[in-house]
Amino acid sequence: MSTLKLYVDRMSQPSRAIIIFCKVNGIEFEEVRIDLAKGQHRLSQFKDINPMGKVPAIAYGRFRLSESHAILSYLACANPTVPDHWYPTDLSMRARINSVLDWHHNNLRRGAASYVLNSTLAPVLGLSLNPKEAARSEKVLTMSLSKIESFWLDGKGKFLVGSFQPSIADLSLVCELMQLQIVDDKDRERILGQYIKVSQWIEDVKKATNPYFDEVSAILYKVKMKLQKTKAKL
Ligand SMILES: N[C@@H](CCC(=O)N[C@@H](CS)C(=O)NCC(=O)O)C(=O)O
């Protein structure tokens, strides 16, 4: 029997979503760390797994797959023990979840990842901070949060598209937002504080996926402490 291999870096939000999904659903896997800060994603050994040179990617026997949303839906469909709510077989529900996932790439992810990189994380990757780009990304991020608050969370249930239980879209989007933990507390409060439903939804997704959510996200707090110590020395 082949082992499912996850090529991931826990500092990557889509990587965390996949690790958490496997842990919550009892899917066995081997975690292969691809250290982004050391540039391991650019090495030829990894490019054999994912020629795009990005994490996450998976390998199962000779099968290889990249793109976190494709990986999450594959894992949900390939493992019969995964409860239906993660990626419903009902076609209209599934289509609505796919709609959130497609929207995510060019909206919430574009805003959040670029804001965190340009306001805080760049030095960890050997890059410079870029306040102008951070300000531009913050606008995309807040527009995306508004849409989640007013549209994607505007249903009967407490999860996206009115679901009563979480789907792969909830996990993907909340992992994206978790990276805001590493920015300055005042900035995070300024950005997230006004979105009451979003803040409650983040807590609901954590609750539905703990203890794994917190365990896999712990790296963010470690990096934050490291950044704060470096800042204090300057
Ligand atoms: N759309 C991809 C995004 C993957 C992605 O951007 N991964 C980042 C880490 S979060 C990466 O590997 N960056 C390395 C690079 O672009 O050089 C997914 O959802 O899997």
# chains A, B, ... in the order shown; residues from 1 in each chain; ligands from 1

$ residues_around --residues "region 125-135 of chain A" --least-positions-apart "4" --cutoff "8 Å" --atoms "only C-alpha atoms" --output "list in words"
Leu36, Ala37, Ser114, Tyr115, Val116, Leu117, Asn118, Ser119, Thr120, Leu121 and Lys139 of chain A

$ residues_near_ligand --ligand "ligand 1" --cutoff "7 Å" --atoms "only C-alpha atoms and all ligand atoms" --output "list of chain:residue names"
A:Ser12, A:Gln13, A:Pro14, A:Ser15, A:Leu36, A:His41, A:Gly53, A:Lys54, A:Val55, A:Pro56, A:Ser66, A:Glu67, A:Ser68, A:His69, A:His105

$ closest_residue --among "A:Ala57, A:Leu65, A:Ala76, A:Leu192" --to "Leu180 (chain A)" --atoms "only C-alpha atoms"
A:Leu192

$ select_by_dssp --residues "region 19-153 of chain A" --states "alpha helix (DSSP H)" --output "ChimeraX atom specification"
/A:19-24,44-49,68-78,91-106,108-116,131-147

$ residues_around --residues "region 141-157 of chain A" --least-positions-apart "3" --cutoff "12 Å" --atoms "only C-alpha atoms" --output "JSON, numbers by chain"
{"A": [96, 97, 99, 100, 101, 103, 104, 105, 106, 107, 108, 109, 110, 111, 112, 113, 114, 115, 116, 134, 135, 136, 137, 138, 160, 161, 162, 163, 164, 165, 166, 167, 169, 170, 173, 174, 176, 177, 180, 188, 190, 191, 192, 193, 194, 195, 196, 197, 198, 199, 200, 201, 202, 204]}

$ atom_distance --atom1 "CA of Val8 (chain A)" --atom2 "CA of Leu171 (chain A)"
16.2 Å

$ residues_around --residues "Thr3 (chain A)" --least-positions-apart "3" --cutoff "10 Å" --atoms "only C-alpha atoms" --output "MDAnalysis selection string"
chainID A and resid 6 28:30 59:61

$ write_last_selection --atoms "C-alpha atoms" --output "mmCIF file, in the first residue's frame"
data_model
loop_
_atom_site.group_PDB
_atom_site.id
_atom_site.type_symbol
_atom_site.label_atom_id
_atom_site.label_comp_id
_atom_site.auth_asym_id
_atom_site.auth_seq_id
_atom_site.Cartn_x
_atom_site.Cartn_y
_atom_site.Cartn_z
ATOM 1 C CA LEU A 6 2.125 15.764 1.964
ATOM 2 C CA GLU A 28 -2.881 8.746 7.400
ATOM 3 C CA PHE A 29 -0.026 10.646 5.821
ATOM 4 C CA GLU A 30 3.672 11.365 5.930
ATOM 5 C CA ALA A 59 2.058 12.226 -3.894
ATOM 6 C CA TYR A 60 0.213 8.953 -3.590
ATOM 7 C CA GLY A 61 2.030 6.180 -5.403
#
